[in-house]
Amino acid sequence: MAVDVSYYRRWEGNFGVTDNRAVTPADFTSYSVTAPSNFPGATIPLPDDAAGRTTEGFYDVIPTKFGQVNNLVTLARKFGDQSATFNGVDVTVNARLQNGLVLQGGVATGSTTTDNCALRAALPEIAPTNPYCHVEQPLQTQVKFLTTYLVPRIDVQVAATFQNNPGPVIGAIYQVPAANINGLGRPLSSGAINVTYDLLDPNSLYGERVTQLDLRMSKIFRMNTTRLSLNFDLANLLNRNDILGVTTTYGAAWQTPTAILDPRLFKFGVQFDF
């Protein structure tokens, strides 16, 4: 039996950015947006205090500079710091037990933190309606195992794989009326009557975890130096319908599944090794 514990830290650099040289930070007005307290047609309430919450950090270019573009793609560090770091731990087990039983797998957990607040303050045009410049992801934990066993005398190999992964991240995209804008003191330069943004902090809400169990049985025929395997596979043995993706627009259809695990599937196959 072998047990391996690893710590990982990854960081990124040399980010690129598009600088609109036709405008400067002085050409933008900052404002905040207050989310509505009531959402007609919505059937699932927002978590915590998202309804009625005031979010700061929006920008709108002044009307005299609206639509002016003179883009230059360059390095982000010329304007401010930008970072993306990952910290994680993996625990892996590899066991070869008696009678040909093999067990492999483990647990991996980690999170990513991104920050471009300084860059966004210097270049408001890169994301004027995305106030979430610092995002800390909660720990994302994956559990994966596989096992194989060769039944003696009859040369039948049984194998199974199990995995349990985080559910889909859930957003709540909503078009907040311009009447809910605070501190701008004028209409939006684009003439828009809504501000579209995520009512929830990024990575603050996830769906239920996704579990899948797969099975394979193989009858092995040995002929000198060659081997023939007749395989029978069962994918999603438990026939689970875990959700892989949901509607993120807040309203009557919010969190409606858009993708689920494929139903139980079986197939036959032949493998010839020589």
# chains A, B, ... in the order shown; residues from 1 in each chain; ligands from 1
>>> closest_atom_pairs(of="stretch 63-138 of chain A", to="stretch 167-191 of chain A", cutoff="12 Å", atoms="only C-alpha atoms", output="Markdown table")
| residue | atom | partner | partner_atom | distance |
| --- | --- | --- | --- | --- |
| A:Pro63 | CA | A:Ser189 | CA | 4.9 |
| A:Thr64 | CA | A:Ser189 | CA | 8.5 |
| A:Lys65 | CA | A:Ser189 | CA | 8.9 |
| A:Phe66 | CA | A:Ser189 | CA | 6.4 |
| A:Gly67 | CA | A:Ser190 | CA | 8.6 |
| A:Gln68 | CA | A:Ser189 | CA | 12.0 |
| A:Pro128 | CA | A:Leu188 | CA | 11.8 |
| A:Thr129 | CA | A:Gln175 | CA | 11.4 |
| A:Asn130 | CA | A:Ile173 | CA | 11.3 |
| A:Gln137 | CA | A:Val169 | CA | 10.4 |
| A:Pro138 | CA | A:Val169 | CA | 11.0 |
>>> closest_atom_pairs(of="stretch 139-214 of chain A", to="stretch 232-235 of chain A", cutoff="9 Å", atoms="only C-alpha atoms", output="JSON lines")
{"residue": "A:Gln212", "atom": "CA", "partner": "A:Ala235", "partner_atom": "CA", "distance": 8.2}
{"residue": "A:Leu213", "atom": "CA", "partner": "A:Ala235", "partner_atom": "CA", "distance": 7.0}
{"residue": "A:Asp214", "atom": "CA", "partner": "A:Ala235", "partner_atom": "CA", "distance": 4.6}
>>> residues_around(residues="A:Asn236", least_positions_apart="4", cutoff="10 Å", atoms="only C-alpha atoms", output="PDB file with N, CA and C atoms, in the first residue's frame")
ATOM      1  N   THR A 161     -15.537   2.186 -10.975  1.00  0.00           N
ATOM      2  CA  THR A 161     -15.017   3.530 -10.718  1.00  0.00           C
ATOM      3  C   THR A 161     -16.104   4.347 -10.044  1.00  0.00           C
ATOM      4  N   PHE A 162     -15.683   5.121  -9.048  1.00  0.00           N
ATOM      5  CA  PHE A 162     -16.609   5.977  -8.298  1.00  0.00           C
ATOM      6  C   PHE A 162     -16.044   7.383  -8.271  1.00  0.00           C
ATOM      7  N   THR A 211     -22.580  12.566  -8.229  1.00  0.00           N
ATOM      8  CA  THR A 211     -22.034  11.248  -7.935  1.00  0.00           C
ATOM      9  C   THR A 211     -22.279  10.305  -9.103  1.00  0.00           C
ATOM     10  N   GLN A 212     -21.247   9.525  -9.450  1.00  0.00           N
ATOM     11  CA  GLN A 212     -21.397   8.567 -10.545  1.00  0.00           C
ATOM     12  C   GLN A 212     -20.610   7.301 -10.227  1.00  0.00           C
ATOM     13  N   LEU A 213     -21.230   6.147 -10.514  1.00  0.00           N
ATOM     14  CA  LEU A 213     -20.607   4.845 -10.326  1.00  0.00           C
ATOM     15  C   LEU A 213     -20.694   4.069 -11.629  1.00  0.00           C
ATOM     16  N   ASP A 214     -19.537   3.609 -12.135  1.00  0.00           N
ATOM     17  CA  ASP A 214     -19.468   2.847 -13.385  1.00  0.00           C
ATOM     18  C   ASP A 214     -18.906   1.462 -13.093  1.00  0.00           C
ATOM     19  N   LEU A 215     -19.330   0.483 -13.887  1.00  0.00           N
ATOM     20  CA  LEU A 215     -18.933  -0.902 -13.670  1.00  0.00           C
ATOM     21  C   LEU A 215     -18.519  -1.541 -14.987  1.00  0.00           C
ATOM     22  N   ARG A 240     -28.420   7.695 -11.676  1.00  0.00           N
ATOM     23  CA  ARG A 240     -28.655   8.984 -11.028  1.00  0.00           C
ATOM     24  C   ARG A 240     -28.917  10.058 -12.088  1.00  0.00           C
ATOM     25  N   ASN A 241     -29.645  11.068 -11.697  1.00  0.00           N
ATOM     26  CA  ASN A 241     -29.940  12.188 -12.596  1.00  0.00           C
ATOM     27  C   ASN A 241     -29.415  13.495 -12.010  1.00  0.00           C
ATOM     28  N   LEU A 261     -26.792  14.185 -15.669  1.00  0.00           N
ATOM     29  CA  LEU A 261     -26.026  12.987 -15.996  1.00  0.00           C
ATOM     30  C   LEU A 261     -26.780  12.142 -17.024  1.00  0.00           C
ATOM     31  N   ASP A 262     -26.042  11.573 -17.941  1.00  0.00           N
ATOM     32  CA  ASP A 262     -26.673  10.650 -18.886  1.00  0.00           C
ATOM     33  C   ASP A 262     -27.259   9.473 -18.122  1.00  0.00           C
ATOM     34  N   PRO A 263     -28.392   8.931 -18.584  1.00  0.00           N
ATOM     35  CA  PRO A 263     -28.990   7.796 -17.877  1.00  0.00           C
ATOM     36  C   PRO A 263     -28.113   6.551 -17.977  1.00  0.00           C
ATOM     37  N   ARG A 264     -28.487   5.540 -17.226  1.00  0.00           N
ATOM     38  CA  ARG A 264     -27.729   4.294 -17.224  1.00  0.00           C
ATOM     39  C   ARG A 264     -27.555   3.787 -18.657  1.00  0.00           C
ATOM     40  N   LEU A 265     -26.328   3.411 -18.954  1.00  0.00           N
ATOM     41  CA  LEU A 265     -25.981   2.992 -20.319  1.00  0.00           C
ATOM     42  C   LEU A 265     -25.162   1.718 -20.244  1.00  0.00           C
ATOM     43  N   PHE A 266     -25.502   0.738 -21.079  1.00  0.00           N
ATOM     44  CA  PHE A 266     -24.678  -0.466 -21.128  1.00  0.00           C
ATOM     45  C   PHE A 266     -24.189  -0.676 -22.553  1.00  0.00           C
TER      46      PHE A 266
END
>>> closest_residue(among="A:Arg10, A:Arg77, A:Arg21, A:Arg120", to="A:Gly57", atoms="only C-alpha atoms")
A:Arg120
>>> residues_around(residues="A:Asn165", least_positions_apart="4", cutoff="12 Å", atoms="only C-alpha atoms", output="PyMOL selection string")
chain A and resi 107-109+139-145+169+206-213+242-244
>>> residues_around(residues="A:Thr258", least_positions_apart="5", cutoff="7 Å", atoms="only C-alpha atoms", output="ChimeraX atom specification")
/A:245-247
>>> write_last_selection(atoms="C-alpha atoms", output="PDB file, in the first residue's frame")
ATOM      1  CA  GLY A 245     -25.871  22.820 -15.268  1.00  0.00           C
ATOM      2  CA  VAL A 246     -28.740  25.195 -14.503  1.00  0.00           C
ATOM      3  CA  THR A 247     -30.330  28.362 -15.816  1.00  0.00           C
TER       4      THR A 247
END
>>> residues_around(residues="A:Thr85", least_positions_apart="5", cutoff="8 Å", atoms="only C-alpha atoms", output="tab-separated table (two decimals) with N, CA and C atoms, in the first residue's frame")
chain	number	residue	atom	x	y	z
A	9	ARG	N	0.70	24.71	-5.28
A	9	ARG	CA	0.41	26.14	-5.36
A	9	ARG	C	0.80	26.60	-6.77
A	10	ARG	N	-0.16	27.17	-7.46
A	10	ARG	CA	0.09	27.68	-8.81
A	10	ARG	C	-0.30	29.15	-8.87
A	11	TRP	N	0.48	29.91	-9.58
A	11	TRP	CA	0.13	31.31	-9.77
A	11	TRP	C	0.42	31.70	-11.22
A	12	GLU	N	-0.36	32.63	-11.70
A	12	GLU	CA	-0.26	33.06	-13.09
A	12	GLU	C	0.27	34.49	-13.16
A	112	THR	N	-9.23	28.59	-5.87
A	112	THR	CA	-8.55	29.61	-6.67
A	112	THR	C	-9.01	31.00	-6.21
A	113	THR	N	-8.07	31.91	-6.12
A	113	THR	CA	-8.36	33.31	-5.78
A	113	THR	C	-7.86	34.19	-6.91
A	114	THR	N	-8.73	35.07	-7.41
A	114	THR	CA	-8.36	36.00	-8.47
A	114	THR	C	-8.59	37.43	-7.99
>>> residues_around(residues="stretch 147-154 of chain A", least_positions_apart="6", cutoff="9 Å", atoms="only C-alpha atoms", output="count of residues only")
12
>>> closest_residue(among="A:Leu123, A:Ile44, A:Ala50, A:Val270", to="A:Ala22", atoms="only C-alpha atoms")
A:Leu123
>>> select_by_dssp(residues="stretch 14-256 of chain A", states="strand (DSSP E)", output="number ranges by chain")
A: 16-20, 28-34, 54-61, 71-75, 83-96, 102-115, 134-136, 140-151, 156-165, 173-177, 181-182, 194-198, 210-223, 226-235, 243-246
>>> closest_residue(among="A:Tyr197, A:Phe28, A:Phe268, A:Phe86", to="A:Ala122", atoms="only C-alpha atoms")
A:Phe28
